[in-house]
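Below is the file run-v3.cif, which contains mmCIF, C-alpha atoms and all ligand atoms.
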data_query
#
loop_
_atom_site.label_atom_id
_atom_site.label_comp_id
_atom_site.auth_asym_id
_atom_site.auth_seq_id
_atom_site.Cartn_x
_atom_site.Cartn_y
_atom_site.Cartn_z
CA MET A 1 108.77 136.59 106.66
CA GLY A 2 110.96 134.55 109.00
CA ASN A 3 113.65 132.10 107.92
CA ILE A 4 112.43 129.37 105.60
CA ILE A 5 114.35 126.10 105.34
CA ALA A 6 113.22 124.30 102.19
CA ILE A 7 113.72 120.53 102.09
CA ASP A 8 112.85 118.52 99.00
CA GLY A 9 113.48 114.97 97.90
CA PRO A 10 111.85 111.69 96.88
CA ALA A 11 109.85 109.36 99.13
CA GLY A 12 112.12 107.42 101.48
CA SER A 13 114.92 109.99 101.37
CA GLY A 14 114.35 110.66 105.08
CA LYS A 15 113.19 114.20 104.50
CA SER A 16 110.00 114.05 106.61
CA THR A 17 111.75 112.72 109.71
CA VAL A 18 114.70 115.03 109.22
CA ALA A 19 112.48 118.07 108.64
CA ARG A 20 110.43 117.34 111.76
CA LEU A 21 113.52 116.86 113.97
CA LEU A 22 115.31 119.87 112.52
CA ALA A 23 112.24 122.04 113.18
CA ARG A 24 112.10 120.80 116.75
CA ARG A 25 115.80 121.39 117.30
CA LEU A 26 115.67 124.95 115.96
CA SER A 27 112.22 125.71 117.42
CA TYR A 28 110.89 126.33 113.93
CA ILE A 29 107.42 125.49 112.58
CA TYR A 30 107.31 122.20 110.66
CA VAL A 31 105.28 122.33 107.44
CA ASP A 32 104.64 118.96 105.80
CA THR A 33 103.27 119.96 102.38
CA GLY A 34 102.82 116.33 101.25
CA ALA A 35 100.30 116.00 104.08
CA MET A 36 98.33 118.87 102.56
CA TYR A 37 98.12 117.10 99.18
CA ARG A 38 97.17 113.91 101.03
CA ALA A 39 94.36 115.63 102.96
CA LEU A 40 92.94 117.08 99.76
CA THR A 41 93.08 113.63 98.16
CA LEU A 42 91.17 112.22 101.13
CA LYS A 43 88.41 114.77 100.56
CA ALA A 44 88.26 113.98 96.83
CA LEU A 45 88.01 110.23 97.54
CA ARG A 46 85.35 110.74 100.20
CA LYS A 47 83.30 112.72 97.70
CA GLY A 48 83.83 110.04 95.06
CA LEU A 49 85.19 112.61 92.57
CA ASP A 50 86.58 111.51 89.22
CA LEU A 51 90.29 112.14 89.81
CA ASN A 52 90.80 112.78 86.11
CA ASN A 53 88.37 115.71 86.13
CA GLU A 54 90.73 118.66 86.63
CA GLU A 55 87.98 121.29 86.79
CA LYS A 56 86.28 119.47 89.66
CA LEU A 57 89.58 119.07 91.51
CA ILE A 58 90.35 122.77 91.18
CA GLU A 59 86.86 123.63 92.41
CA LEU A 60 87.36 121.25 95.34
CA THR A 61 90.65 122.93 96.25
CA ARG A 62 88.99 126.35 96.22
CA ASP A 63 86.32 125.08 98.63
CA THR A 64 88.79 123.48 101.04
CA GLU A 65 90.53 124.85 104.13
CA LEU A 66 93.82 123.11 104.84
CA ASP A 67 96.10 123.76 107.74
CA ILE A 68 99.09 122.25 109.51
CA LEU A 69 99.19 122.82 113.25
CA ASN A 70 102.28 122.17 115.36
CA ASP A 71 101.75 121.08 118.93
CA PRO A 72 104.23 121.83 121.72
CA SER A 73 105.32 118.16 121.99
CA GLY A 74 106.68 118.28 118.43
CA GLY A 75 103.80 116.51 116.67
CA ILE A 76 101.73 117.96 113.89
CA LYS A 77 98.02 117.96 113.16
CA VAL A 78 96.79 117.96 109.60
CA MET A 79 93.48 119.83 109.44
CA LEU A 80 90.97 119.39 106.63
CA ASP A 81 88.07 121.85 106.88
CA GLY A 82 88.59 121.92 110.63
CA GLU A 83 88.74 118.11 111.01
CA ASP A 84 91.90 116.45 112.31
CA VAL A 85 92.74 113.92 109.55
CA THR A 86 96.33 113.19 110.63
CA SER A 87 95.75 109.48 111.18
CA LEU A 88 93.76 108.97 107.95
CA ILE A 89 96.13 110.14 105.25
CA ARG A 90 98.90 107.50 105.11
CA THR A 91 97.00 104.49 103.73
CA PRO A 92 98.42 102.87 100.56
CA GLU A 93 95.17 103.62 98.70
CA LEU A 94 95.50 107.29 99.45
CA THR A 95 99.24 107.37 98.75
CA ASN A 96 98.63 105.88 95.31
CA ASN A 97 96.00 108.48 94.44
CA VAL A 98 97.77 111.69 95.50
CA SER A 99 99.53 112.06 92.16
CA TYR A 100 96.21 112.67 90.36
CA ILE A 101 95.70 115.74 92.53
CA ALA A 102 99.33 116.88 92.68
CA ARG A 103 99.68 117.07 88.89
CA VAL A 104 96.92 119.66 88.38
CA GLY A 105 98.27 123.20 87.89
CA GLY A 106 95.17 124.96 89.28
CA VAL A 107 95.32 122.81 92.40
CA ARG A 108 99.02 123.56 92.93
CA GLU A 109 98.46 127.32 92.53
CA LYS A 110 95.97 127.34 95.40
CA MET A 111 98.23 125.06 97.48
CA LEU A 112 101.13 127.40 96.89
CA ASP A 113 99.18 130.27 98.51
CA SER A 114 98.26 128.12 101.52
CA GLN A 115 101.81 126.82 101.89
CA ARG A 116 103.31 130.32 101.75
CA MET A 117 100.76 131.48 104.30
CA ILE A 118 101.48 128.62 106.70
CA GLY A 119 105.27 128.78 106.23
CA GLY A 120 105.14 132.55 106.61
CA ARG A 121 103.77 132.38 110.15
CA GLY A 122 107.29 132.31 111.52
CA ASP A 123 110.64 130.57 111.09
CA SER A 124 109.73 127.33 109.27
CA VAL A 125 111.06 124.08 107.91
CA CYS A 126 108.98 123.39 104.79
CA GLU A 127 109.23 119.95 103.27
CA GLY A 128 107.93 118.56 99.98
CA ARG A 129 108.84 118.28 96.32
CA ASP A 130 108.91 121.89 95.09
CA MET A 131 109.80 123.95 98.15
CA GLY A 132 113.16 125.15 96.81
CA THR A 133 112.09 125.44 93.17
CA VAL A 134 108.57 126.93 93.27
CA VAL A 135 107.10 127.71 96.67
CA PHE A 136 110.09 129.41 98.34
CA PRO A 137 112.59 129.97 95.50
CA GLU A 138 114.06 133.04 97.23
CA THR A 139 115.01 131.35 100.48
CA LYS A 140 118.65 131.12 101.42
CA TYR A 141 118.33 127.61 102.94
CA LYS A 142 117.62 124.83 100.48
CA PHE A 143 118.36 121.14 100.82
CA TYR A 144 117.70 118.22 98.53
CA LEU A 145 117.80 114.87 100.35
CA ASP A 146 118.22 111.68 98.39
CA ALA A 147 119.15 108.03 98.95
CA GLU A 148 119.77 105.03 96.72
CA PHE A 149 116.62 103.22 95.61
CA PRO A 150 117.04 99.98 97.66
CA GLU A 151 117.60 102.00 100.81
CA ARG A 152 114.57 104.18 100.15
CA ALA A 153 112.47 101.05 99.56
CA SER A 154 113.74 99.53 102.83
CA ARG A 155 112.83 102.66 104.77
CA ARG A 156 109.37 102.73 103.22
CA TYR A 157 108.94 99.01 103.96
CA LYS A 158 109.83 99.47 107.63
CA GLU A 159 107.61 102.52 107.93
CA LEU A 160 104.61 100.69 106.45
CA LEU A 161 105.24 97.58 108.54
CA GLY A 162 105.18 99.79 111.61
CA ASP A 163 101.79 101.09 110.47
CA GLY A 164 100.51 97.50 110.23
CA CYS A 165 100.43 97.43 106.43
CA LYS A 166 100.83 94.03 104.77
CA LEU A 167 102.29 94.97 101.38
CA SER A 168 105.22 92.84 100.21
CA ARG A 169 108.65 94.29 99.58
CA GLU A 170 108.10 93.83 95.81
CA GLU A 171 104.81 95.73 95.92
CA ILE A 172 106.43 98.55 97.85
CA GLU A 173 109.29 98.78 95.35
CA LYS A 174 106.82 98.88 92.49
CA ASP A 175 104.70 101.61 94.11
CA LEU A 176 107.81 103.65 94.92
CA LYS A 177 109.07 103.43 91.32
CA VAL A 178 105.70 104.55 89.97
CA ARG A 179 105.55 107.45 92.45
CA ASP A 180 109.14 108.54 91.69
CA HIS A 181 108.32 108.54 88.01
CA LYS A 182 105.13 110.58 88.46
CA ASP A 183 106.74 113.06 90.88
CA MET A 184 109.75 113.64 88.64
CA ASN A 185 108.01 113.73 85.29
CA ARG A 186 104.83 115.73 85.80
CA ASP A 187 104.56 118.94 83.74
CA ILE A 188 104.04 121.30 86.66
CA ALA A 189 106.47 121.66 89.57
CA PRO A 190 108.14 118.26 89.18
CA LEU A 191 110.47 116.99 91.89
CA LYS A 192 113.83 118.49 91.04
CA LYS A 193 116.83 119.78 92.91
CA ALA A 194 116.94 123.59 92.87
CA ASP A 195 120.21 124.75 91.28
CA ASP A 196 121.22 126.43 94.52
CA ALA A 197 120.17 123.61 96.89
CA VAL A 198 122.66 121.53 98.89
CA TYR A 199 122.44 117.89 97.76
CA LEU A 200 122.76 115.26 100.46
CA ASP A 201 122.87 111.51 99.83
CA THR A 202 121.57 109.97 103.06
CA THR A 203 121.97 106.30 102.02
CA ASN A 204 124.60 105.61 104.65
CA MET A 205 123.70 108.27 107.15
CA GLY A 206 121.65 108.02 110.34
CA ILE A 207 118.84 110.49 110.92
CA ASP A 208 120.70 112.35 113.68
CA GLU A 209 123.74 112.68 111.46
CA VAL A 210 121.65 114.31 108.74
CA VAL A 211 119.93 116.64 111.22
CA ASP A 212 123.34 117.61 112.70
CA LYS A 213 124.67 118.38 109.24
CA LEU A 214 121.73 120.55 108.25
CA THR A 215 121.90 122.37 111.61
CA VAL A 216 125.53 123.27 110.93
CA TYR A 217 124.64 124.60 107.48
CA VAL A 218 121.82 126.71 108.88
CA ASN A 219 123.82 128.01 111.86
CA GLU A 220 126.62 129.04 109.51
CA GLY A 221 124.11 130.81 107.28
CA ARG A 222 124.71 128.42 104.42
CA GLY A 223 122.35 126.05 102.64
O1 LIG B 301 105.85 113.60 100.98
P1 LIG B 301 104.62 112.70 100.81
O2 LIG B 301 104.95 111.29 100.41
O3 LIG B 301 103.69 112.76 101.96
O4 LIG B 301 103.83 113.36 99.55
C1 LIG B 301 102.69 112.78 99.02
C2 LIG B 301 102.57 113.14 97.54
O5 LIG B 301 102.26 114.52 97.41
C3 LIG B 301 103.82 112.91 96.71
O6 LIG B 301 103.79 111.70 96.00
C4 LIG B 301 103.85 114.05 95.74
C5 LIG B 301 102.94 115.08 96.31
N1 LIG B 301 103.62 116.30 96.73
C6 LIG B 301 103.80 117.29 95.80
O7 LIG B 301 103.46 117.10 94.64
N2 LIG B 301 104.35 118.47 96.16
C7 LIG B 301 104.74 118.68 97.42
N3 LIG B 301 105.27 119.87 97.76
C8 LIG B 301 104.60 117.66 98.39
C9 LIG B 301 104.04 116.47 98.01
#

Can you turn what I pasted into structure tokens?
Amino acid sequence: MGNIIAIDGPAGSGKSTVARLLARRLSYIYVDTGAMYRALTLKALRKGLDLNNEEKLIELTRDTELDILNDPSGGIKVMLDGEDVTSLIRTPELTNNVSYIARVGGVREKMLDSQRMIGGRGDSVCEGRDMGTVVFPETKYKFYLDAEFPERASRRYKELLGDGCKLSREEIEKDLKVRDHKDMNRDIAPLKKADDAVYLDTTNMGIDEVVDKLTVYVNEGRG
């Protein structure tokens, strides 16, 4: 297996943007594992599955092919059973339903295999909630990105505004709090800093500053 850079952290910590830019800078593959959970959620919603029925969700995961493809311009394509669903997986409805899928142990086991397979294709930056703790616990490079809650809410607000979403700031804060709570308190693979991960508070840092910092860690063989 090539080098794996594991980046975890809560929504709005900047980890997706940072992971994508870091991958581009180092010519690594970028693996957005949240997008994989989102794509699976899209399939479950399309099929009208009861999201509380764990057996059905596990069965669904077994019957699903997920992939993340990197294109030469630095973008990624999220593939669900061969269909490009990249533009369909960021809606608030979908975002609010991912936690039903992400909390199921049998679903996560299958995802773990896919994520190790995709990340193992070469040198990779793998980003999510459990990269350093569960999926790639042996990797030398682990980062946990965080930011204070109001800053994370502001980033999320701006991001959603850019996507044309009309949620109020209050609604976004509420959704973010609920998601934080679910991500950090689920029984299986909760969001948690790995003991050996570097913790970075990005509240007052620009994206480039964070990417520069991580690049230095990686080039010095630390992390
Ligand atoms: O990073 P994101 O917001 O796209 O992730 C969407 C959801 O997927 C997030 O609320 C929790 C879940 N997730 C997870 O449980 N494990 C991962 N490795 C990545 C995401």

Straight-line distance linking atom C8 of ligand LIG 301 (chain B) with atom CA of Arg129 of chain A, stated in Å to one decimal: 4.8 Å

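Note that atom CA of Asp201 of chain A and atom CA of Ser168 of chain A are 25.7 Å apart.
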
Nearby residues, ligand LIG 301 (chain B), 8 Å, all atoms listed in the file, as an NGL selection string: :A and (8 or 10-11 or 16 or 32-38 or 90 or 95-96 or 98-99 or 102-103 or 127-131 or 179-180 or 182-183 or 189-191)

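The coordinates place atom CA of Gly132 of chain A at 8.5 Å from atom CA of Asp196 of chain A.
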
Taking only C-alpha atoms into account, produce a table as a Markdown table in which each residue of segment 61-153 of chain A with an atom at most 12 Å from an atom of segment 169-174 of chain A appears once, together with its shortest atom pair and the distance in Å to one decimal, ordered by chain and rising number.
| residue | atom | partner | partner_atom | distance |
| --- | --- | --- | --- | --- |
| A:Pro92 | CA | A:Ile172 | CA | 9.5 |
| A:Thr95 | CA | A:Ile172 | CA | 11.4 |
| A:Asn96 | CA | A:Ile172 | CA | 11.0 |
| A:Phe149 | CA | A:Glu173 | CA | 8.6 |
| A:Pro150 | CA | A:Glu173 | CA | 8.2 |
| A:Glu151 | CA | A:Glu173 | CA | 10.5 |
| A:Arg152 | CA | A:Glu173 | CA | 8.9 |
| A:Ala153 | CA | A:Glu173 | CA | 5.7 |

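Taking only C-alpha atoms into account, Val216 of chain A lies nearest to A:Arg25 out of the set A:Lys15, A:His181, A:Lys192, A:Arg25.
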
Residue with smallest distance to Gly74 of chain A - pool A:Thr61, A:Ser114, A:Thr203, A:Ser27, counting all atoms listed in the file: A:Ser27

A:Tyr30, A:Arg108, A:Gly122, A:Leu57 ranked by distance to Leu45 of chain A, top pick (using only C-alpha atoms): A:Leu57

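Closest to Val135 of chain A among A:Ala194, A:Val18, A:Leu167, A:Val78 is A:Ala194, based on only C-alpha atoms.
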
Residue among A:Asp146, A:Asp63, A:Asp123, A:Glu159 lying closest to Tyr28 of chain A, counting all atoms listed in the file: A:Asp123

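Among the candidate residues A:Tyr199, A:Phe143, A:Tyr157, A:Phe136, the one lying nearest to Thr215 of chain A is A:Phe143, with distances computed using all atoms listed in the file.
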